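Reading through the structure tokens given below for one structure.
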Amino acid sequence: MAIKQELIDILVCPETKQSLTLAEPDEVADINQRIARGELTTRRGAPVREPIDDALIRADRQYFYPIRDDIPIMLIDEAIALAGDS
């Protein structure tokens, strides 16, 4: 079961309150390739090792929040920089 659009519409970044959008499938594939190569870390500096099912991308496209098992991980420290640096 995929995350419902009604939920996406009400979720905002817990840090900046910016809106979030669901990542496109090609973005998710790119993120998972970067995870496999060890290129991504969380905001707290922990390496991201587990692939994501999907992602909610912040409006400024600086960070995303991973979705695993249809659950958005909306913790500021778990946000991952799209640019690869946190």
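Naming scheme: A, B, ... for chains in displayed order of the structure tokens; residues 1 onward per chain; ligands 1 onward as shown.
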Leaving out Ile80 (chain A) and any residue of its chain fewer than 2 positions from it, which residues lie within 12 Å of it when counting only C-alpha atoms, given as a PyMOL selection string? chain A and resi 31+34-35+39-49+52+55-58+61-67+73-78+82-86
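Each of A:Asp60, A:Glu15, A:Glu6, A:Asp54 was compared to Asp30 (chain A) using only C-alpha atoms, and A:Asp54 turns out to be the nearest.
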May I have the residues within 9 Å of Asn32 (chain A) as an NGL selection string, using only C-alpha atoms and disregarding those fewer than 3 positions away in the same chain? :A and (27-29 or 35-37 or 50-53)
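A straight line drawn from CA of Lys17 (chain A) to CA of Gln33 (chain A) is 28.3 Å long.
Among the candidate residues A:Ala2, A:Arg68, A:Leu7, A:Gly38, the one lying nearest to Ser19 (chain A) is A:Leu7, with distances computed using only C-alpha atoms.
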Can you tell me how far CA of Ala79 (chain A) sits from CA of Leu22 (chain A), in Å to one decimal? 14.3 Å
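Pairwise distance (CA of Ile3 (chain A), CA of Asp26 (chain A)) equals 17.4 Å.
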Would you mind writing down, as a ChimeraX atom specification, each residue of chain A that DSSP on the backbone assigns to helix (DSSP H, G or I)? /A:5-10,25-36,76-78
Using C-alpha atoms, can you export the residues from the last selection as a PDB file, in the first residue's frame?
```pdb
ATOM      1  CA  GLN A   5      -1.965  11.686  -1.364  1.00  0.00           C
ATOM      2  CA  GLU A   6      -4.191  13.001   1.458  1.00  0.00           C
ATOM      3  CA  LEU A   7      -1.342  12.365   3.894  1.00  0.00           C
ATOM      4  CA  ILE A   8       1.253  13.949   1.613  1.00  0.00           C
ATOM      5  CA  ASP A   9      -0.969  17.034   1.315  1.00  0.00           C
ATOM      6  CA  ILE A  10      -0.917  17.659   5.076  1.00  0.00           C
ATOM      7  CA  PRO A  25      10.385   6.851  -9.505  1.00  0.00           C
ATOM      8  CA  ASP A  26      13.596   7.889 -11.303  1.00  0.00           C
ATOM      9  CA  GLU A  27      14.564  10.054  -8.307  1.00  0.00           C
ATOM     10  CA  VAL A  28      14.045   7.106  -5.954  1.00  0.00           C
ATOM     11  CA  ALA A  29      16.169   4.896  -8.213  1.00  0.00           C
ATOM     12  CA  ASP A  30      18.945   7.529  -8.237  1.00  0.00           C
ATOM     13  CA  ILE A  31      18.788   7.892  -4.443  1.00  0.00           C
ATOM     14  CA  ASN A  32      19.013   4.112  -3.970  1.00  0.00           C
ATOM     15  CA  GLN A  33      22.022   3.944  -6.297  1.00  0.00           C
ATOM     16  CA  ARG A  34      23.711   6.665  -4.265  1.00  0.00           C
ATOM     17  CA  ILE A  35      22.894   4.788  -1.043  1.00  0.00           C
ATOM     18  CA  ALA A  36      24.435   1.617  -2.500  1.00  0.00           C
ATOM     19  CA  ILE A  76      14.914  16.242  11.294  1.00  0.00           C
ATOM     20  CA  ASP A  77      18.054  14.206  12.094  1.00  0.00           C
ATOM     21  CA  GLU A  78      16.972  11.516   9.592  1.00  0.00           C
TER      22      GLU A  78
END
```
Running DSSP on the backbone, which parts of chain A land in strand (DSSP E or B), as a PyMOL selection string? chain A and resi 12+19-22+41-42+47+54-58+63-68+71-72+80-81
